[in-house]
Amino acid sequence: MKDSRHIVSRDNPLFKSLRTIADDPRRHGFALADGIHLVSTCLTRGVAIVKLLVSESGLKNSEIAALLPGAAGIDCVVLRDNLFREVSGVSTPTGIAAVIAIPRASDAAPQGDAVLLDAVQDAGNVGAILRTAAAAGVHQVLLGTGCAGAWTARVLRAGQGAHFSLAIREQVNLAAVLAARSATSVATVASGGRSLYELDLSGPLLWLVGNEGAGLSAELIAAADLRTTIPLAGGTESLNVAAATAVCLFEASRQRLKTNQP
């Protein structure tokens with residue numbers, strides 16, 4: 001890494017800039033990948049790091065010390081622990097973070113499978129869905145209005161590096177995407193849909209996933225080609241939205257693996 005600068009005051013202009021990036025990544029076009037795992041993933045995958053941030057105590061961490069030789073040539077900033085905590089937003093951060101540029105998103109219609117999120121507000125759920133999509137081989141995720149920001153630090157932490165395997169679009173008009181679709185759209189609903197396990201999921205699919213409490217909007221449900229419900233044990237009302245998405249994506253994966261078996 002390049003020779004580091006040391007920030008010790010909240011009045012430092014660079015510290016103020018880092019705070020604004022952490023507070024609103026989409027507005028500034030940069031995101032904060034916080035933690036040893038995410039920084040390591042950025043370095044391993046060749047993600048362009050604009051700045052490397054390390055806390056004073058982080059410099060003494062053996063895992064962080066092992067990462068730094070791989071950050072040669074990257075601008076490094078050392079922050080006092082309390083300042084690093086403010087930027088990170090975590091009460092006990094590991095002590096390293098990377099400022100990265102948010103990739104430009106294509107406006108092209110989804111090709112192949114995609115997950116469309118309708119007002120999924122919890123950062124942990126959004127991050128878990130991104131992680132599940134990447135694991136299931138679904139490389140496109142479109143977030144409608146009302147969703148937690150995909151590039152916020154909390155969603156990045158929950159995604160555990162999945163962001164760097166996906167094409168992510170935010171603030172998308174989901175109804176317009178459905179109107180121009182070339183794949184079968186499937187609305188996930190808590191009740192009243194066809195059983196997930198009765199559907200043919202072998203072709204390209206657009207999975208519609210709704211808000212944690214209200215579910216999908218009536219407009220999107222009406223526009224979808226299919227409605228599906230995951231059969232649950234008696235007395236159970238619903239699954240967490242991230243868990244339900246995982247069941248759906250991996251049921252499609254299971255069907256395709258079975259079809260491709262000799």
# chains A, B, ... in the order shown; residues from 1 in each chain; ligands from 1
>>> select_by_dssp(residues="region 34-248 of chain A", states="alpha helix (DSSP H)", output="PDB file with C-alpha atoms, in the first residue's frame")
ATOM      1  CA  ILE A  36     -11.477  -8.525   6.659  1.00  0.00           C
ATOM      2  CA  HIS A  37     -13.542 -10.910   4.528  1.00  0.00           C
ATOM      3  CA  LEU A  38     -14.883  -8.245   2.162  1.00  0.00           C
ATOM      4  CA  VAL A  39     -11.535  -6.495   1.748  1.00  0.00           C
ATOM      5  CA  SER A  40      -9.862  -9.839   1.103  1.00  0.00           C
ATOM      6  CA  THR A  41     -12.533 -10.639  -1.503  1.00  0.00           C
ATOM      7  CA  CYS A  42     -11.961  -7.278  -3.210  1.00  0.00           C
ATOM      8  CA  LEU A  43      -8.220  -7.908  -3.380  1.00  0.00           C
ATOM      9  CA  THR A  44      -8.637 -11.499  -4.588  1.00  0.00           C
ATOM     10  CA  ARG A  45     -11.158 -10.625  -7.303  1.00  0.00           C
ATOM     11  CA  SER A  62      -2.356 -10.213  12.324  1.00  0.00           C
ATOM     12  CA  GLU A  63      -5.032 -10.995   9.701  1.00  0.00           C
ATOM     13  CA  ILE A  64      -5.068  -7.382   8.540  1.00  0.00           C
ATOM     14  CA  ALA A  65      -1.276  -7.268   8.502  1.00  0.00           C
ATOM     15  CA  ALA A  66      -1.310 -10.315   6.224  1.00  0.00           C
ATOM     16  CA  LEU A  67      -3.631  -8.493   3.776  1.00  0.00           C
ATOM     17  CA  ASP A  81     -10.481   3.785  16.397  1.00  0.00           C
ATOM     18  CA  ASN A  82     -13.428   6.004  17.312  1.00  0.00           C
ATOM     19  CA  LEU A  83     -13.397   7.639  13.862  1.00  0.00           C
ATOM     20  CA  PHE A  84     -13.160   4.292  12.101  1.00  0.00           C
ATOM     21  CA  ARG A  85     -16.170   3.106  14.141  1.00  0.00           C
ATOM     22  CA  GLU A  86     -18.192   6.117  12.977  1.00  0.00           C
ATOM     23  CA  VAL A  87     -17.431   5.422   9.330  1.00  0.00           C
ATOM     24  CA  SER A  88     -17.962   1.672   9.670  1.00  0.00           C
ATOM     25  CA  ALA A 123     -30.653  -4.752   4.883  1.00  0.00           C
ATOM     26  CA  GLY A 124     -29.974  -8.237   6.212  1.00  0.00           C
ATOM     27  CA  ASN A 125     -32.675  -9.706   3.988  1.00  0.00           C
ATOM     28  CA  VAL A 126     -31.431  -7.885   0.889  1.00  0.00           C
ATOM     29  CA  GLY A 127     -27.864  -9.010   1.539  1.00  0.00           C
ATOM     30  CA  ALA A 128     -28.954 -12.598   2.175  1.00  0.00           C
ATOM     31  CA  ILE A 129     -30.978 -12.634  -1.058  1.00  0.00           C
ATOM     32  CA  LEU A 130     -27.983 -11.348  -3.019  1.00  0.00           C
ATOM     33  CA  ARG A 131     -25.822 -14.050  -1.457  1.00  0.00           C
ATOM     34  CA  THR A 132     -28.404 -16.728  -2.275  1.00  0.00           C
ATOM     35  CA  ALA A 133     -28.793 -15.523  -5.865  1.00  0.00           C
ATOM     36  CA  ALA A 134     -25.056 -15.736  -6.461  1.00  0.00           C
ATOM     37  CA  ALA A 135     -24.899 -19.203  -4.902  1.00  0.00           C
ATOM     38  CA  ALA A 153     -22.293  -1.233   4.334  1.00  0.00           C
ATOM     39  CA  ARG A 154     -24.903  -3.422   6.076  1.00  0.00           C
ATOM     40  CA  VAL A 155     -26.075  -5.029   2.844  1.00  0.00           C
ATOM     41  CA  LEU A 156     -22.481  -5.525   1.682  1.00  0.00           C
ATOM     42  CA  ARG A 157     -21.635  -7.279   4.950  1.00  0.00           C
ATOM     43  CA  ALA A 158     -24.700  -9.517   4.680  1.00  0.00           C
ATOM     44  CA  GLY A 159     -23.888 -10.297   1.049  1.00  0.00           C
ATOM     45  CA  LEU A 174     -40.391  -3.421 -11.916  1.00  0.00           C
ATOM     46  CA  ALA A 175     -43.731  -3.146 -13.695  1.00  0.00           C
ATOM     47  CA  ALA A 176     -41.936  -1.878 -16.804  1.00  0.00           C
ATOM     48  CA  VAL A 177     -39.480  -4.784 -16.607  1.00  0.00           C
ATOM     49  CA  LEU A 178     -42.398  -7.227 -16.526  1.00  0.00           C
ATOM     50  CA  ALA A 179     -44.074  -5.512 -19.467  1.00  0.00           C
ATOM     51  CA  ALA A 218     -51.146  -6.111  -6.237  1.00  0.00           C
ATOM     52  CA  GLU A 219     -49.930  -4.579  -9.518  1.00  0.00           C
ATOM     53  CA  LEU A 220     -46.948  -6.916  -9.765  1.00  0.00           C
ATOM     54  CA  ILE A 221     -48.948  -9.983  -8.736  1.00  0.00           C
ATOM     55  CA  ALA A 222     -51.505  -9.229 -11.444  1.00  0.00           C
ATOM     56  CA  ALA A 223     -48.782  -8.716 -14.057  1.00  0.00           C
ATOM     57  CA  VAL A 241     -38.382 -13.442   2.668  1.00  0.00           C
ATOM     58  CA  ALA A 242     -34.727 -14.379   2.315  1.00  0.00           C
ATOM     59  CA  ALA A 243     -35.421 -17.989   3.280  1.00  0.00           C
ATOM     60  CA  ALA A 244     -38.362 -18.184   0.857  1.00  0.00           C
ATOM     61  CA  THR A 245     -36.206 -16.826  -1.960  1.00  0.00           C
ATOM     62  CA  ALA A 246     -33.565 -19.459  -1.232  1.00  0.00           C
ATOM     63  CA  VAL A 247     -36.157 -22.260  -1.374  1.00  0.00           C
ATOM     64  CA  CYS A 248     -37.442 -21.000  -4.742  1.00  0.00           C
TER      65      CYS A 248
END
>>> residues_around(residues="Glu198 (chain A)", least_positions_apart="6", cutoff="12 Å", atoms="only C-alpha atoms", output="list in words")
Leu226, Arg227, Thr228, Thr229, Ile230, Pro231, Cys248, Glu251, Ala252 and Gln255 of chain A
>>> closest_residue(among="A:Gly89, A:Gly234, A:Gly112, A:Gly146", to="Trp207 (chain A)", atoms="only C-alpha atoms")
A:Gly112
>>> closest_residue(among="A:Leu142, A:Ala180, A:Ala105, A:Val8", to="Val78 (chain A)", atoms="only C-alpha atoms")
A:Val8
>>> closest_residue(among="A:Thr184, A:Ser57, A:Asn173, A:Ser202", to="Ser253 (chain A)", atoms="only C-alpha atoms")
A:Ser202
>>> residues_around(residues="region 116-118 of chain A", least_positions_apart="2", cutoff="8 Å", atoms="only C-alpha atoms", output="PyMOL selection string")
chain A and resi 114+120+141-147+174+206-211+216-217
>>> atom_distance(atom1="CA of Val50 (chain A)", atom2="CA of Glu170 (chain A)")
22.1 Å
